[in-house]
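S.K.: Quick one: the structure is below, and I'll ask about it shortly.
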Amino acid sequence: MTTFLELLVNGISVGAVYALIALGFVVIFKATEVVNFTHASLLLAGGFLVAKLHPALGFWLALAAGVAGAALVGALIEFLIIRRARVGSHGVLAIVTIGVDILLTTELTREIGTDVLALGDPWRDQVLHLGPITIAETRIVALGVAAALITAFLLAFKFTGWGVAMRATAEDAETAALMGVRLGRVSLSAWAVAGALAAIAALFLCVFPTPGLDRSTTAAAMKAFPAAILGGLDSTTGALAGGLIVGVTEALMSGYQSQLAFLGRGIGDAAPFLVMIVILLFRPAGIFGTKELARV
Amino acid sequence: MSRRSRWITLGAVWGVVVVAAVVAPFYLEGFWLQTGLFAMSAAVGAIGINLLTGATGQLSLGHAFFLAVGAYAYVYLSTDVGLPTPLAAVVAVILAGVAGGLFSPIAGRLKGAYLGIATLALIFGGQHVLFNAEPLTGGYNGRAVPPMELFGFVFADSPGLVLLNVPFGALERLWFLGLLVLAAAAAFARGVLRGRPGLAMNTIRDHEIAAGVMGVPVARYRAGVFVLSSMYGGLAGVLVALVFQRAVPDYFGFLLSLDYLAMIVIGGLGSVAGAVIGAVFVSLLPQLLTRYSDALPLVAEPGSGGVSPAEAARILYGAAVVTVVLFLPGGLLGLATRLRRVIPRIKELRWPNSAPAPASRR
């Protein structure tokens, strides 16, 4: 039971981090209808900046720089490439983002090489004892920060002018533009926000118990893709639910690996994708996604 | 250009290509032959994924998995089951199709980039299976691939064979097999694209609802094209395995799938020729950079800490994908077509008195 509780809390915490990434992914999709495959490399860029800058600037400043840097990279991709691509379908835009992802990931993994970079966070490997269960402090902080950021984001989405503009664009871009919403700004800010969220997520994907930022961090970031799609690509609630489902599944499957030996070693890494397939079989649009309807 | 002279030029170009392809093994060294064979197998796979992504608008990031199915099915059936190798190859391709068919409940229902994300499951699930099913795949170290044997003729280095004073080893022999397979694969895909199925696929890509209204069974078509393209993937996998002579699970990962997408975007979406051009470009680039790394300014030799040739190639074709979409819609093939239209016009400008082009072409 203790193990189960520990795994559950860890799973929820990791799930909240995946939800952060998936949220950015969904925001970009809502604002620009682009399925953004550069997301993993945005995350890597944020984490890399923190790792490289923290010896000189100290952790908090480095974190701020990482968040700003990833937001800038996101905004630049939107401004220099997505905005200028005159293509018929959004499918081709998705392929463009794959091209950008190849570029960024290759360069960043080359810079990282075979190193494992520490992020210099203040929590290190301290653990908290809550009754019988033992949990790493980083996991608690991750859960708290992710929950706070997600709440702030959802409130902003609902109540600020920016959020209204974003939702209007998602509903009907043309009408929104006629009402005075500046589409360029909306999509630029969506990409920047997604980058910033990805950088925060990078921090929590690379702290204890993970050894640090290395080239396999992109693989961890990829698990946010099933999170986003199984919740429903056009639903922020879906991103949260998807993140939690993926996080908890992964934690439980890796935790009970010895009992699940028949599934093979390292099942935790494949589990999120298997869950995604199962859910898509029953709900092709995701759990909270809207089914596309058209009047003919 | 009149119609007849166009046919003549087209015939001449094809003649040169065919002759060059046939003579190549007598002149090229092993390194280039191997590169060429990789390009051929990549072209087969790229044609398949171009049917899916280019012609039907369905993104797949999972095709590396079908290559793995093809490669390992061939190894397993010929080594462990003991089927004759040609039969093993055919069954391997069919099995890749079956694997694609098992995915069809999803491939038929999801569209475009959604399917792209869903197919990530094939990659990560596939890698998991490949590394764990050790008796089948040899785990981390992979398995040796038995050479193809067709009517008593072995596609391997021994028994030795000398043709016109050129020793004909495995690569030289495979070269012709590869050419035949590629030609057949290309001809079949061309037939599909030019016939009714091709029209239906393009309509699904351009306007799903219109396709449905005209009586095209959209989901069935999507699933069908997915199966077909996974069979092409399986065939490419068999070829790659034969060229490599070893099948390693690590090779069939996410990066391979990205390579295939890069090929069709760079070459030109939706056509057979585009897939072939892109496959040649993406397969040749890293080899060229490796070969001439000491002569190139920004590329370091492998292992010396700078930008390695493989990384430089990856960066170059990542950039190529972005550039092509931004500035060259239609890819390299589109560029060629456009040049063909522009060059006669330039000639007209230079020699205003020469025979005028028909009015319709101005």
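Just remember, in the structure tokens the first chain shown is A, the second B, etc., residues are 1-based per chain, and ligands are 1-based in the order shown.
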For region 202-216 of chain B, please output as a ChimeraX atom specification all residues within 10 Å (counting only C-alpha atoms; exclusion window: fewer than 6 positions along the same chain).

M.R.: /A:88-89,91,294-296 /B:51-58,111-112,193,222,270

S.K.: Using DSSP secondary structure from the backbone, list all helix (DSSP H, G or I) positions within region 27-253 of chain A, as a PyMOL selection string.

M.R.: chain A and resi 27-32+39-57+59-82+90-112+137-159+161-171+173-178+183-206+217-222+224-231+236-253

S.K.: Determine, counting only C-alpha atoms, which protein, DNA and RNA residues have an atom within 9 Å of an atom of Val44 (chain B); residues of the same chain fewer than 5 positions away are not included. Present the result as a PDB file with N, CA and C atoms, in the first residue's frame.

M.R.:
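And here's selection-v9.pdb as it stands now:
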```
ATOM      1  N   ALA B  39      20.072   4.359 -50.952  1.00  0.00           N
ATOM      2  CA  ALA B  39      19.170   5.308 -51.600  1.00  0.00           C
ATOM      3  C   ALA B  39      18.010   4.570 -52.246  1.00  0.00           C
ATOM      4  N   ILE B  49       5.520   6.100 -48.258  1.00  0.00           N
ATOM      5  CA  ILE B  49       5.047   7.117 -47.329  1.00  0.00           C
ATOM      6  C   ILE B  49       4.529   8.334 -48.090  1.00  0.00           C
ATOM      7  N   VAL B 181      13.595  -4.014 -58.024  1.00  0.00           N
ATOM      8  CA  VAL B 181      12.569  -3.813 -57.000  1.00  0.00           C
ATOM      9  C   VAL B 181      12.072  -2.374 -57.031  1.00  0.00           C
ATOM     10  N   LEU B 182      13.012  -1.431 -57.134  1.00  0.00           N
ATOM     11  CA  LEU B 182      12.625  -0.019 -57.151  1.00  0.00           C
ATOM     12  C   LEU B 182      11.752   0.285 -58.363  1.00  0.00           C
ATOM     13  N   ALA B 185       8.341  -1.147 -57.773  1.00  0.00           N
ATOM     14  CA  ALA B 185       7.623  -0.388 -56.747  1.00  0.00           C
ATOM     15  C   ALA B 185       7.148   0.944 -57.307  1.00  0.00           C
ATOM     16  N   ALA B 186       8.025   1.593 -58.080  1.00  0.00           N
ATOM     17  CA  ALA B 186       7.670   2.897 -58.636  1.00  0.00           C
ATOM     18  C   ALA B 186       6.536   2.759 -59.636  1.00  0.00           C
ATOM     19  N   TYR B 232       5.056  -1.095 -48.455  1.00  0.00           N
ATOM     20  CA  TYR B 232       6.242  -0.475 -49.043  1.00  0.00           C
ATOM     21  C   TYR B 232       7.345  -0.348 -47.985  1.00  0.00           C
ATOM     22  N   GLY B 233       6.939   0.034 -46.774  1.00  0.00           N
ATOM     23  CA  GLY B 233       7.908   0.125 -45.682  1.00  0.00           C
ATOM     24  C   GLY B 233       8.559  -1.219 -45.430  1.00  0.00           C
ATOM     25  N   LEU B 235       8.947  -3.679 -47.520  1.00  0.00           N
ATOM     26  CA  LEU B 235       9.845  -3.996 -48.632  1.00  0.00           C
ATOM     27  C   LEU B 235      11.168  -3.244 -48.470  1.00  0.00           C
ATOM     28  N   ALA B 236      11.072  -1.968 -48.108  1.00  0.00           N
ATOM     29  CA  ALA B 236      12.282  -1.185 -47.874  1.00  0.00           C
ATOM     30  C   ALA B 236      13.099  -1.815 -46.745  1.00  0.00           C
ATOM     31  N   ALA B 275       9.464  11.362 -54.442  1.00  0.00           N
ATOM     32  CA  ALA B 275       9.951  10.490 -53.375  1.00  0.00           C
ATOM     33  C   ALA B 275      11.345   9.976 -53.705  1.00  0.00           C
ATOM     34  N   VAL B 276      11.552   9.603 -54.985  1.00  0.00           N
ATOM     35  CA  VAL B 276      12.848   9.037 -55.363  1.00  0.00           C
ATOM     36  C   VAL B 276      13.942  10.106 -55.257  1.00  0.00           C
ATOM     37  N   ALA B 279      14.699  10.780 -51.665  1.00  0.00           N
ATOM     38  CA  ALA B 279      15.416   9.663 -51.037  1.00  0.00           C
ATOM     39  C   ALA B 279      16.886   9.704 -51.412  1.00  0.00           C
TER      40      ALA B 279
END
```

S.K.: Within 6 Å of chain A, which residues belong to chain B? Use only C-alpha atoms and report them as a list in words.

M.R.: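 Residues passing the distance filter: Gly112, Ala113, Ala121, Phe124, Gly125, Asn132, Ile315, Gly318, Val321, Val322 and Leu326 of chain B.
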
S.K.: Please identify all polymer residues within 7 Å of region 139-145 of chain B, counting only C-alpha atoms, omitting same-chain residues fewer than 2 positions from it, and present them as a PyMOL selection string.

M.R.: chain B and resi 75+130-134+137+147+241-242+245-249

S.K.: For CA of Thr2 (chain A) and CA of Leu240 (chain A), determine how far apart the two atoms are, in Å to one decimal place.

M.R.: 25.6 Å

S.K.: Name the residues in contact with Phe26 (chain B) at a cut-off of 12 Å, using only C-alpha atoms, excluding same-chain residues fewer than 2 positions from it; report them as a PDB file with C-alpha atoms, in the first residue's frame.

M.R.:
```pdb
ATOM      1  CA  VAL B  19      22.393   3.136 -68.876  1.00  0.00           C
ATOM      2  CA  ALA B  20      24.108   4.923 -65.970  1.00  0.00           C
ATOM      3  CA  ALA B  21      22.271   2.733 -63.451  1.00  0.00           C
ATOM      4  CA  VAL B  22      23.274  -0.458 -65.264  1.00  0.00           C
ATOM      5  CA  VAL B  23      26.940   0.473 -65.759  1.00  0.00           C
ATOM      6  CA  ALA B  24      27.407   1.929 -62.278  1.00  0.00           C
ATOM      7  CA  LEU B  28      31.836   2.581 -58.651  1.00  0.00           C
ATOM      8  CA  GLU B  29      33.660   1.409 -55.560  1.00  0.00           C
ATOM      9  CA  GLY B  30      31.930  -0.418 -52.710  1.00  0.00           C
ATOM     10  CA  TRP B  32      29.236   4.367 -53.349  1.00  0.00           C
ATOM     11  CA  LEU B  33      27.481   1.153 -54.280  1.00  0.00           C
ATOM     12  CA  VAL B 162      33.950 -11.974 -62.152  1.00  0.00           C
ATOM     13  CA  LEU B 163      32.108 -10.110 -64.872  1.00  0.00           C
ATOM     14  CA  LEU B 164      34.041  -8.126 -67.510  1.00  0.00           C
ATOM     15  CA  ASN B 165      37.098  -8.090 -65.248  1.00  0.00           C
ATOM     16  CA  VAL B 166      35.093  -6.647 -62.347  1.00  0.00           C
ATOM     17  CA  PRO B 167      34.718  -8.847 -59.260  1.00  0.00           C
ATOM     18  CA  PHE B 168      30.994  -9.111 -58.630  1.00  0.00           C
ATOM     19  CA  GLY B 169      30.444  -9.193 -54.867  1.00  0.00           C
ATOM     20  CA  LEU B 171      26.874  -5.163 -53.420  1.00  0.00           C
ATOM     21  CA  GLU B 172      27.243  -5.415 -57.185  1.00  0.00           C
ATOM     22  CA  ARG B 173      24.728  -8.252 -57.333  1.00  0.00           C
ATOM     23  CA  TRP B 175      22.508  -3.420 -57.089  1.00  0.00           C
ATOM     24  CA  PHE B 176      20.542  -5.022 -59.910  1.00  0.00           C
TER      25      PHE B 176
END
```

S.K.: Can you tell me which residues surround Leu5 (chain A) at a distance of at most 12 Å, considering only C-alpha atoms, apart from same-chain residues fewer than 4 positions away, and format the answer as a list in words?

M.R.: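 Neighbouring residues, sequence-local ones excluded: Met1, Val9, Asn10, Gly11, Ile12, Leu130, Gly131, Pro132, Ile133, Thr134, Ile135, Val248, Ala251, Leu252 and Gly255 of chain A.
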
S.K.: Can I get the selected residues back with N, CA and C atoms, as an mmCIF file, in the first residue's frame?

M.R.:
```
data_model
loop_
_atom_site.group_PDB
_atom_site.id
_atom_site.type_symbol
_atom_site.label_atom_id
_atom_site.label_comp_id
_atom_site.auth_asym_id
_atom_site.auth_seq_id
_atom_site.Cartn_x
_atom_site.Cartn_y
_atom_site.Cartn_z
ATOM 1 N N MET A 1 0.832 -1.208 0.000
ATOM 2 C CA MET A 1 0.000 0.000 0.000
ATOM 3 C C MET A 1 0.865 1.256 0.000
ATOM 4 N N VAL A 9 1.566 9.339 -5.846
ATOM 5 C CA VAL A 9 1.943 10.742 -5.696
ATOM 6 C C VAL A 9 2.990 11.129 -6.737
ATOM 7 N N ASN A 10 3.987 10.247 -6.926
ATOM 8 C CA ASN A 10 5.002 10.521 -7.945
ATOM 9 C C ASN A 10 4.370 10.639 -9.319
ATOM 10 N N GLY A 11 3.440 9.723 -9.602
ATOM 11 C CA GLY A 11 2.779 9.734 -10.900
ATOM 12 C C GLY A 11 2.005 11.013 -11.117
ATOM 13 N N ILE A 12 1.284 11.450 -10.090
ATOM 14 C CA ILE A 12 0.506 12.682 -10.226
ATOM 15 C C ILE A 12 1.434 13.862 -10.446
ATOM 16 N N LEU A 130 6.059 11.739 4.954
ATOM 17 C CA LEU A 130 4.674 12.022 5.328
ATOM 18 C C LEU A 130 4.091 10.729 5.866
ATOM 19 N N GLY A 131 4.107 10.568 7.199
ATOM 20 C CA GLY A 131 3.653 9.297 7.754
ATOM 21 C C GLY A 131 4.534 8.187 7.215
ATOM 22 N N PRO A 132 3.918 7.153 6.633
ATOM 23 C CA PRO A 132 4.719 6.024 6.163
ATOM 24 C C PRO A 132 5.383 6.275 4.806
ATOM 25 N N ILE A 133 4.918 7.261 4.055
ATOM 26 C CA ILE A 133 5.446 7.373 2.699
ATOM 27 C C ILE A 133 6.558 8.412 2.595
ATOM 28 N N THR A 134 7.488 8.124 1.719
ATOM 29 C CA THR A 134 8.643 8.984 1.507
ATOM 30 C C THR A 134 8.578 9.552 0.093
ATOM 31 N N ILE A 135 8.685 10.884 0.001
ATOM 32 C CA ILE A 135 8.578 11.494 -1.322
ATOM 33 C C ILE A 135 9.681 12.526 -1.489
ATOM 34 N N VAL A 248 0.496 8.960 -14.257
ATOM 35 C CA VAL A 248 0.178 7.900 -13.296
ATOM 36 C C VAL A 248 0.437 6.527 -13.918
ATOM 37 N N ALA A 251 4.179 5.911 -13.970
ATOM 38 C CA ALA A 251 4.746 5.656 -12.648
ATOM 39 C C ALA A 251 4.367 4.265 -12.148
ATOM 40 N N LEU A 252 3.095 3.896 -12.318
ATOM 41 C CA LEU A 252 2.659 2.592 -11.816
ATOM 42 C C LEU A 252 3.317 1.452 -12.596
ATOM 43 N N GLY A 255 6.870 1.260 -11.582
ATOM 44 C CA GLY A 255 6.989 0.859 -10.185
ATOM 45 C C GLY A 255 6.742 -0.622 -9.983
#
```

S.K.: Please list as a PDB file with N, CA and C atoms, in the first residue's frame every residue within 12 Å of Gly163 (chain A), counting only C-alpha atoms and excluding residues in the same chain fewer than 2 positions away.

M.R.:
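Okay, selection.pdb is ready:
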```pdb
ATOM      1  N   VAL A  27      -2.462  24.949 -26.522  1.00  0.00           N
ATOM      2  CA  VAL A  27      -2.651  26.385 -26.756  1.00  0.00           C
ATOM      3  C   VAL A  27      -2.212  26.744 -28.170  1.00  0.00           C
ATOM      4  N   LYS A  30      -4.798  25.474 -30.569  1.00  0.00           N
ATOM      5  CA  LYS A  30      -6.038  26.259 -30.576  1.00  0.00           C
ATOM      6  C   LYS A  30      -5.846  27.576 -31.317  1.00  0.00           C
ATOM      7  N   ALA A  31      -4.702  28.218 -31.084  1.00  0.00           N
ATOM      8  CA  ALA A  31      -4.515  29.547 -31.653  1.00  0.00           C
ATOM      9  C   ALA A  31      -4.149  29.494 -33.127  1.00  0.00           C
ATOM     10  N   ALA A 152      -3.325  29.513 -12.869  1.00  0.00           N
ATOM     11  CA  ALA A 152      -3.144  30.888 -13.343  1.00  0.00           C
ATOM     12  C   ALA A 152      -3.469  30.976 -14.817  1.00  0.00           C
ATOM     13  N   PHE A 153      -2.993  29.958 -15.561  1.00  0.00           N
ATOM     14  CA  PHE A 153      -3.206  29.980 -16.994  1.00  0.00           C
ATOM     15  C   PHE A 153      -4.691  29.896 -17.339  1.00  0.00           C
ATOM     16  N   LEU A 154      -5.380  28.978 -16.660  1.00  0.00           N
ATOM     17  CA  LEU A 154      -6.799  28.811 -16.969  1.00  0.00           C
ATOM     18  C   LEU A 154      -7.585  30.062 -16.609  1.00  0.00           C
ATOM     19  N   LEU A 155      -7.221  30.703 -15.477  1.00  0.00           N
ATOM     20  CA  LEU A 155      -7.895  31.950 -15.107  1.00  0.00           C
ATOM     21  C   LEU A 155      -7.656  33.016 -16.169  1.00  0.00           C
ATOM     22  N   ALA A 156      -6.390  33.128 -16.604  1.00  0.00           N
ATOM     23  CA  ALA A 156      -6.069  34.127 -17.623  1.00  0.00           C
ATOM     24  C   ALA A 156      -6.838  33.832 -18.906  1.00  0.00           C
ATOM     25  N   PHE A 157      -6.945  32.555 -19.229  1.00  0.00           N
ATOM     26  CA  PHE A 157      -7.641  32.142 -20.438  1.00  0.00           C
ATOM     27  C   PHE A 157      -9.098  32.569 -20.377  1.00  0.00           C
ATOM     28  N   LYS A 158      -9.662  32.535 -19.165  1.00  0.00           N
ATOM     29  CA  LYS A 158     -11.078  32.818 -18.991  1.00  0.00           C
ATOM     30  C   LYS A 158     -11.344  34.320 -18.880  1.00  0.00           C
ATOM     31  N   PHE A 159     -10.484  35.028 -18.137  1.00  0.00           N
ATOM     32  CA  PHE A 159     -10.879  36.384 -17.739  1.00  0.00           C
ATOM     33  C   PHE A 159     -10.109  37.532 -18.375  1.00  0.00           C
ATOM     34  N   THR A 160      -8.872  37.313 -18.831  1.00  0.00           N
ATOM     35  CA  THR A 160      -8.143  38.469 -19.367  1.00  0.00           C
ATOM     36  C   THR A 160      -8.510  38.709 -20.829  1.00  0.00           C
ATOM     37  N   GLY A 161      -8.160  39.906 -21.314  1.00  0.00           N
ATOM     38  CA  GLY A 161      -8.404  40.237 -22.708  1.00  0.00           C
ATOM     39  C   GLY A 161      -7.652  39.294 -23.626  1.00  0.00           C
ATOM     40  N   ALA A 165      -9.256  36.944 -26.505  1.00  0.00           N
ATOM     41  CA  ALA A 165      -8.797  37.003 -27.894  1.00  0.00           C
ATOM     42  C   ALA A 165      -8.398  35.610 -28.371  1.00  0.00           C
ATOM     43  N   MET A 166      -7.697  34.884 -27.503  1.00  0.00           N
ATOM     44  CA  MET A 166      -7.251  33.532 -27.840  1.00  0.00           C
ATOM     45  C   MET A 166      -8.435  32.618 -28.119  1.00  0.00           C
ATOM     46  N   ARG A 167      -9.431  32.684 -27.228  1.00  0.00           N
ATOM     47  CA  ARG A 167     -10.583  31.795 -27.398  1.00  0.00           C
ATOM     48  C   ARG A 167     -11.384  32.169 -28.627  1.00  0.00           C
ATOM     49  N   ALA A 168     -11.485  33.486 -28.872  1.00  0.00           N
ATOM     50  CA  ALA A 168     -12.223  33.926 -30.058  1.00  0.00           C
ATOM     51  C   ALA A 168     -11.538  33.413 -31.316  1.00  0.00           C
ATOM     52  N   THR A 169     -10.199  33.483 -31.329  1.00  0.00           N
ATOM     53  CA  THR A 169      -9.463  33.007 -32.501  1.00  0.00           C
ATOM     54  C   THR A 169      -9.682  31.518 -32.711  1.00  0.00           C
ATOM     55  N   ALA A 170      -9.651  30.781 -31.601  1.00  0.00           N
ATOM     56  CA  ALA A 170      -9.839  29.337 -31.716  1.00  0.00           C
ATOM     57  C   ALA A 170     -11.222  29.024 -32.270  1.00  0.00           C
ATOM     58  N   VAL A 181      -9.406  41.472 -33.320  1.00  0.00           N
ATOM     59  CA  VAL A 181      -8.365  40.666 -32.676  1.00  0.00           C
ATOM     60  C   VAL A 181      -7.174  40.576 -33.617  1.00  0.00           C
ATOM     61  N   VAL A 186      -1.869  37.073 -31.350  1.00  0.00           N
ATOM     62  CA  VAL A 186      -2.416  35.913 -30.644  1.00  0.00           C
ATOM     63  C   VAL A 186      -1.526  34.701 -30.856  1.00  0.00           C
ATOM     64  N   SER A 187      -1.147  34.457 -32.119  1.00  0.00           N
ATOM     65  CA  SER A 187      -0.372  33.234 -32.340  1.00  0.00           C
ATOM     66  C   SER A 187       1.043  33.397 -31.792  1.00  0.00           C
ATOM     67  N   SER A 189       1.921  35.105 -29.142  1.00  0.00           N
ATOM     68  CA  SER A 189       1.890  34.919 -27.693  1.00  0.00           C
ATOM     69  C   SER A 189       1.639  33.462 -27.342  1.00  0.00           C
ATOM     70  N   ALA A 190       0.852  32.764 -28.177  1.00  0.00           N
ATOM     71  CA  ALA A 190       0.623  31.347 -27.893  1.00  0.00           C
ATOM     72  C   ALA A 190       1.940  30.579 -27.918  1.00  0.00           C
ATOM     73  N   VAL A 193       4.097  31.532 -24.840  1.00  0.00           N
ATOM     74  CA  VAL A 193       3.600  30.914 -23.605  1.00  0.00           C
ATOM     75  C   VAL A 193       3.954  29.428 -23.583  1.00  0.00           C
TER      76      VAL A 193
END
```

S.K.: If I take CA of Gly62 (chain B) and CA of Gly278 (chain B), how far is one from the other in Å, to one decimal?

M.R.: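 So the answer is 18.6 Å.
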
S.K.: To test your reading of the structure, identify every residue in region 46-180 of chain B that backbone DSSP assigns to strand (DSSP E), and report it as number ranges by chain.

M.R.: B: 143-144, 149-150, 153-154, 162-163, 166-167
